[in-house]
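Structure file protein_38.txt; described as compact mmCIF, C-alpha atoms.
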```txt
# COMPACT_ATOMS: atom_id res chain seq x y z
CA MET A 264 0.00 0.00 0.00
CA GLN A 265 1.28 3.42 -0.93
CA ILE A 266 0.07 6.94 -0.25
CA ARG A 267 1.22 9.73 -2.52
CA CYS A 268 0.50 13.41 -2.61
CA GLN A 269 -1.03 14.46 -5.91
CA SER A 270 0.53 17.94 -5.74
CA CYS A 271 4.08 17.33 -4.49
CA THR A 272 6.42 14.38 -4.17
CA ASN A 273 5.67 13.64 -0.53
CA HIS A 274 4.87 10.01 0.21
CA LYS A 275 5.49 9.88 3.97
CA ASP A 276 3.66 12.45 6.09
CA PHE A 277 -0.09 12.91 5.81
CA LEU A 278 -2.84 14.40 7.94
CA MET A 279 -6.22 12.91 8.70
CA PRO A 280 -8.96 14.85 10.53
CA LEU A 281 -11.04 12.73 12.88
CA TRP A 282 -14.02 13.61 15.03
CA VAL A 283 -13.64 12.71 18.69
CA ARG A 284 -16.04 13.14 21.60
CA ALA A 285 -14.24 14.80 24.48
CA THR A 286 -15.57 14.46 28.01
CA PHE A 287 -14.38 17.41 30.00
CA LYS A 288 -14.70 19.01 33.38
CA ILE A 289 -15.12 22.67 34.14
CA ASN A 290 -12.93 23.46 37.13
CA GLU A 291 -13.71 25.92 39.89
CA ASP A 292 -11.39 28.52 38.37
CA GLY A 293 -13.09 28.22 34.94
CA THR A 294 -10.34 26.17 33.29
CA LEU A 295 -11.13 22.99 31.37
CA SER A 296 -9.74 19.53 32.11
CA ILE A 297 -10.19 16.82 29.49
CA LEU A 298 -11.13 13.50 31.11
CA HIS A 299 -11.59 11.23 28.12
CA THR A 300 -11.69 11.23 24.32
CA LYS A 301 -13.68 8.74 22.28
CA GLN A 302 -13.00 8.33 18.58
CA LEU A 303 -16.16 8.68 16.51
CA GLU A 304 -14.76 7.80 13.09
CA SER A 305 -12.80 4.87 11.76
CA ILE A 306 -9.42 5.71 10.23
CA GLU A 307 -9.53 2.59 8.07
CA GLU A 308 -12.89 3.54 6.57
CA LYS A 309 -11.73 7.06 5.83
CA ILE A 310 -8.57 5.81 4.13
CA VAL A 311 -10.57 3.33 2.03
CA ASP A 312 -13.03 6.11 1.18
CA GLN A 313 -10.23 8.48 0.17
CA GLY A 314 -10.74 9.73 -3.37
CA LYS A 315 -14.20 8.16 -3.73
CA THR A 316 -16.54 10.39 -1.78
CA SER A 317 -14.10 12.42 0.27
CA TYR A 318 -10.56 13.74 0.31
CA ALA A 319 -9.93 13.66 4.05
CA LEU A 320 -6.32 12.55 3.81
CA THR A 321 -4.11 15.50 2.95
CA CYS A 322 -0.39 16.10 2.56
CA GLN A 323 1.31 17.51 5.65
CA ASP A 324 3.69 19.60 3.54
CA CYS A 325 1.44 21.20 0.92
CA SER A 326 -2.14 20.34 2.07
CA GLY A 327 -2.80 18.73 -1.29
CA ASP A 328 -5.08 15.72 -1.68
CA ALA A 329 -3.42 12.38 -1.22
CA LYS A 330 -3.91 9.34 -3.40
CA VAL A 331 -4.05 5.89 -1.83
CA ILE A 332 -2.73 3.00 -3.91
CA PHE A 333 -3.71 -0.25 -2.28
CA ASN A 334 -1.80 -2.61 -4.58
CA GLU A 335 1.16 -0.88 -6.16
CA TYR A 336 2.14 -4.12 -7.91
CA ALA A 337 -1.16 -4.43 -9.77
CA LYS A 338 0.19 -2.44 -12.73
CA LEU A 339 3.34 -4.59 -12.83
CA ASP A 340 1.20 -7.74 -12.85
CA THR A 341 -0.83 -6.39 -15.78
CA GLN A 342 2.33 -5.44 -17.65
CA SER A 343 3.91 -8.87 -17.13
CA ASN A 344 0.67 -10.57 -18.21
CA GLU A 345 0.61 -8.49 -21.40
CA LYS A 346 4.28 -9.31 -21.99
CA GLN A 347 3.66 -13.03 -21.55
CA ALA A 348 0.66 -12.85 -23.88
CA LEU A 349 2.75 -11.15 -26.56
CA GLU A 350 5.53 -13.70 -26.13
CA GLY A 351 2.95 -16.47 -26.46
CA LEU A 352 1.77 -15.05 -29.77
CA MET B 1194 -20.84 27.91 37.50
CA THR B 1195 -20.23 28.10 33.73
CA PHE B 1196 -22.88 25.79 32.29
CA LEU B 1197 -25.92 24.14 33.73
CA CYS B 1198 -27.78 21.04 32.53
CA ALA B 1199 -31.52 21.75 32.63
CA GLU B 1200 -32.29 18.03 33.01
CA CYS B 1201 -30.11 16.87 35.91
CA GLY B 1202 -28.57 20.04 37.29
CA ASN B 1203 -25.03 18.97 36.45
CA TYR B 1204 -22.63 21.90 36.17
CA THR B 1205 -19.27 20.13 36.05
CA TYR B 1206 -19.01 17.32 33.49
CA PHE B 1207 -19.88 17.78 29.83
CA LYS B 1208 -19.20 16.29 26.41
CA CYS B 1209 -18.27 18.02 23.20
CA ASP B 1210 -17.43 16.78 19.70
CA VAL B 1211 -14.19 18.18 18.37
CA GLN B 1212 -12.00 17.46 15.39
CA VAL B 1213 -8.47 16.21 15.92
CA TYR B 1214 -5.75 15.84 13.31
CA ARG B 1215 -3.76 12.61 13.26
CA SER B 1216 -0.58 11.88 11.40
CA VAL B 1217 -0.65 8.99 8.90
CA ASN B 1218 2.73 7.58 7.89
CA PRO B 1219 2.85 4.62 5.50
CA GLY B 1220 5.70 2.25 6.31
CA PRO B 1221 6.82 -1.30 5.52
CA GLU B 1222 4.83 -2.68 8.47
CA GLY B 1223 1.68 -0.81 7.52
CA LEU B 1224 0.21 2.53 8.45
CA LEU B 1225 1.56 4.29 11.50
CA ILE B 1226 -1.06 6.54 13.08
CA ASP B 1227 0.31 9.02 15.56
CA ASP B 1228 -0.06 12.55 16.91
CA VAL B 1229 0.99 15.36 14.60
CA LEU B 1230 4.30 16.53 16.04
CA LEU B 1231 5.51 19.81 14.64
CA GLU B 1232 8.84 21.47 15.47
CA ASP B 1233 8.15 22.40 19.06
CA PHE B 1234 4.63 21.36 19.90
CA ASN B 1235 2.06 18.63 19.58
CA TYR B 1236 -0.49 19.91 17.04
CA SER B 1237 -3.03 17.15 17.78
CA ASP B 1238 -3.11 17.96 21.50
CA SER B 1239 -3.35 21.72 21.05
CA ASN B 1240 -6.00 21.26 18.35
CA VAL B 1241 -8.32 19.37 20.73
CA ARG B 1242 -7.82 21.89 23.52
CA ASP B 1243 -8.25 24.94 21.27
CA GLU B 1244 -11.38 23.61 19.59
CA LEU B 1245 -12.93 22.65 22.93
CA LYS B 1246 -12.17 26.10 24.33
CA ASP B 1247 -13.61 27.74 21.20
CA ASN B 1248 -16.88 25.81 21.59
CA VAL B 1249 -17.17 26.63 25.29
CA ASP B 1250 -16.40 30.31 24.68
CA TYR B 1251 -18.91 30.47 21.81
CA LEU B 1252 -21.66 28.98 23.97
CA LEU B 1253 -20.81 31.32 26.81
CA LYS B 1254 -20.98 34.31 24.49
CA GLN B 1255 -24.17 33.28 22.72
CA GLY B 1256 -25.98 32.00 25.80
CA ALA B 1257 -29.58 31.05 25.10
CA GLU B 1258 -29.22 32.18 21.47
CA ALA B 1259 -27.08 29.12 20.76
CA MET B 1260 -30.10 26.91 21.52
CA TYR B 1261 -32.28 25.69 18.66
CA PHE B 1262 -35.74 24.16 18.79
CA ASP B 1263 -35.66 20.43 18.21
CA SER B 1264 -39.02 19.44 16.76
CA TYR B 1265 -38.47 15.76 17.59
CA SER B 1266 -38.06 16.28 21.32
CA GLY B 1267 -40.09 19.49 21.41
CA ARG B 1268 -37.39 21.22 23.41
CA TYR B 1269 -34.69 23.80 22.94
CA GLU B 1270 -31.34 22.12 22.63
CA ASN B 1271 -27.80 23.06 21.98
CA SER B 1272 -25.77 21.55 19.18
CA LEU B 1273 -22.28 21.80 20.66
CA ILE B 1274 -22.17 20.59 24.24
CA SER B 1275 -24.11 17.83 25.99
CA CYS B 1276 -24.28 16.64 29.59
CA ALA B 1277 -21.85 13.83 30.47
CA ARG B 1278 -24.21 12.48 33.14
CA CYS B 1279 -27.62 12.35 31.46
CA GLU B 1280 -26.68 12.92 27.76
CA SER B 1281 -29.12 15.82 27.62
CA LYS B 1282 -28.41 18.63 25.20
CA ARG B 1283 -30.24 21.23 27.25
CA ILE B 1284 -27.08 22.98 28.37
CA THR B 1285 -26.98 26.73 28.86
CA PRO B 1286 -25.05 29.23 30.86
CA PRO B 1287 -27.08 30.02 33.98
CA TYR B 1288 -29.07 33.18 33.41
CA SER B 1289 -28.03 34.49 36.81
CA GLU B 1290 -24.56 34.92 35.37
CA TRP B 1291 -25.68 37.92 33.37
CA THR B 1292 -25.39 41.26 35.07
CA PRO B 1293 -25.42 44.73 33.53
CA LYS B 1294 -21.85 45.94 33.11
CA LYS B 1295 -20.94 48.77 35.44
CA ASN B 1296 -18.56 51.04 33.59
CA PRO B 1297 -16.64 53.62 35.58
CA LYS B 1298 -17.63 56.44 33.22
CA SER B 1299 -20.07 57.06 30.42
CA LEU B 1300 -19.00 56.77 26.78
CA GLU B 1301 -19.48 60.51 26.24
CA GLN B 1302 -17.24 61.29 29.20
CA GLU B 1303 -14.58 58.89 27.92
CA LEU B 1304 -14.66 60.51 24.45
CA MET B 1305 -14.26 63.96 25.98
CA ASP B 1306 -11.34 62.80 28.13
CA ASN B 1307 -9.54 61.36 25.11
CA LYS B 1308 -10.27 64.30 22.83
CA GLU B 1309 -6.73 65.71 22.85
CA GLU B 1310 -5.16 62.33 22.17
CA PHE B 1311 -7.47 61.85 19.21
CA LYS B 1312 -6.56 65.29 17.85
CA ASN B 1313 -2.88 64.35 17.99
CA LEU B 1314 -3.64 61.12 16.22
CA ARG B 1315 -5.42 62.96 13.42
CA LYS B 1316 -2.35 65.13 12.93
CA GLU B 1317 -0.16 62.08 12.58
CA LYS B 1318 -2.51 60.43 10.12
CA THR B 1319 -1.43 60.58 6.48
CA TYR B 1320 -4.12 61.39 3.99
CA HIS B 1321 -3.82 60.24 0.43
CA ALA B 1322 -5.99 63.19 -0.53
CA ASN B 1323 -3.18 65.56 0.47
CA THR B 1324 -0.72 64.12 -2.03
CA LEU B 1325 -0.83 65.51 -5.53
CA PRO B 1326 -1.84 63.21 -8.34
CA VAL B 1327 1.00 61.86 -10.44
CA LEU B 1328 0.62 61.81 -14.19
CA TYR B 1329 0.91 58.43 -15.76
CA LYS B 1330 4.04 58.06 -17.88
CA PRO B 1331 4.06 55.06 -20.15
```
What do you get writing this file as structure tokens?
Amino acid sequence: MQIRCQSCTNHKDFLMPLWVRATFKINEDGTLSILHTKQLESIEEKIVDQGKTSYALTCQDCSGDAKVIFNEYAKLDTQSNEKQALEGL
Amino acid sequence: MTFLCAECGNYTYFKCDVQVYRSVNPGPEGLLIDDVLLEDFNYSDSNVRDELKDNVDYLLKQGAEAMYFDSYSGRYENSLISCARCESKRITPPYSEWTPKKNPKSLEQELMDNKEEFKNLRKEKTYHANTLPVLYKP
């Protein structure tokens, strides 16, 4: 699996926004203390959904949309199959 | 007391949905999900705290105006913060918090007191109208 930025050459650092539900306490002096955070979204689902209905995953360097390639060897397989077919002919 | 739950009277523990940014790094072992660490601070941590504070401050500022009428429950609810004890969304700042502000002097008096300072400021101000127009030279 590979992730690539469509705008620059970055393929390492990406950002993903996720909704979390924070349980917090209001202290006597008015400050806030966070007691617990519960994740409301699945990272896996958002990554799988990337490029289909949403572009949540963005490049950390340029904020461009990222492209997720699940099987980077698929193209190689197709090329080798075509090569073998031509050789067979 | 900052907020009060109209259902159970809770004024301490609340819940709020906020957005947090996570770092996604693809590696040979798979995806590494971690906090976003910038040069000198943790962006994920500060993002949660800032957004939570923004929501609390907004609700404090808006007061009852932040409530909307929910036709399903037939009650006025708030869309940002809910009670951590009873899950109710009927959270508002207590109305007793509001008091008319007592200013030491009236606005007119304050303007009169600062009249000289404002005159000096007007002298320092540069007006574009005072500069002569320059003919365009191609």
Within 12 Å of stretch 1282-1286 of chain B, which residues of stretch 1223-1262 of chain B come that close, and what is the closest atom pair and distance in Å for each? Count only C-alpha atoms and give it as JSON lines.
```
{"residue": "B:Val1249", "atom": "CA", "partner": "B:Pro1286", "partner_atom": "CA", "distance": 10.0}
{"residue": "B:Asp1250", "atom": "CA", "partner": "B:Pro1286", "partner_atom": "CA", "distance": 10.7}
{"residue": "B:Tyr1251", "atom": "CA", "partner": "B:Pro1286", "partner_atom": "CA", "distance": 11.0}
{"residue": "B:Leu1252", "atom": "CA", "partner": "B:Thr1285", "partner_atom": "CA", "distance": 7.6}
{"residue": "B:Leu1253", "atom": "CA", "partner": "B:Pro1286", "partner_atom": "CA", "distance": 6.2}
{"residue": "B:Lys1254", "atom": "CA", "partner": "B:Pro1286", "partner_atom": "CA", "distance": 9.1}
{"residue": "B:Gln1255", "atom": "CA", "partner": "B:Pro1286", "partner_atom": "CA", "distance": 9.1}
{"residue": "B:Gly1256", "atom": "CA", "partner": "B:Pro1286", "partner_atom": "CA", "distance": 5.8}
{"residue": "B:Ala1257", "atom": "CA", "partner": "B:Thr1285", "partner_atom": "CA", "distance": 6.3}
{"residue": "B:Glu1258", "atom": "CA", "partner": "B:Thr1285", "partner_atom": "CA", "distance": 9.5}
{"residue": "B:Ala1259", "atom": "CA", "partner": "B:Thr1285", "partner_atom": "CA", "distance": 8.4}
{"residue": "B:Met1260", "atom": "CA", "partner": "B:Thr1285", "partner_atom": "CA", "distance": 8.0}
{"residue": "B:Tyr1261", "atom": "CA", "partner": "B:Arg1283", "partner_atom": "CA", "distance": 9.9}
{"residue": "B:Phe1262", "atom": "CA", "partner": "B:Arg1283", "partner_atom": "CA", "distance": 10.5}
```
Taking only C-alpha atoms into account, which residues of chain A are within 10 Å of chain B, as a ChimeraX atom specification?
/A:264-267,274-303,306-307,310,320-323
Contacts of stretch 313-317 of chain A at 9 Å or less, counting all atoms listed in the file, minus same-chain residues fewer than 3 places along, as a PyMOL selection string?
chain A and resi 308-310+320+328-331
Emit the selected residues as a short mmCIF file (atom, residue, chain, number, x, y, z; two decimals), in the coordinates of the input, including C-alpha atoms.
```cif
data_model
loop_
_atom_site.label_atom_id
_atom_site.label_comp_id
_atom_site.auth_asym_id
_atom_site.auth_seq_id
_atom_site.Cartn_x
_atom_site.Cartn_y
_atom_site.Cartn_z
CA GLU A 308 -12.89 3.54 6.57
CA LYS A 309 -11.73 7.06 5.83
CA ILE A 310 -8.57 5.81 4.13
CA LEU A 320 -6.32 12.55 3.81
CA ASP A 328 -5.08 15.72 -1.68
CA ALA A 329 -3.42 12.38 -1.22
CA LYS A 330 -3.91 9.34 -3.40
CA VAL A 331 -4.05 5.89 -1.83
#
```
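Interatomic distance, atom CA of B:Glu1232 to atom CA of A:Cys325: 16.3 Å.
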Please indicate the distance in Å from atom CA of B:Ser1281 to atom CA of B:Ala1199, rounded to one decimal place.
8.1 Å
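Take the candidates A:Ile332, A:Glu304, A:Asn344, A:Cys271 and check each one against A:Ala319 using all atoms listed in the file; the shortest distance goes to A:Glu304.
Distance-wise, atom CA of A:Phe333 and atom CA of A:Cys268 end up 14.3 Å apart.
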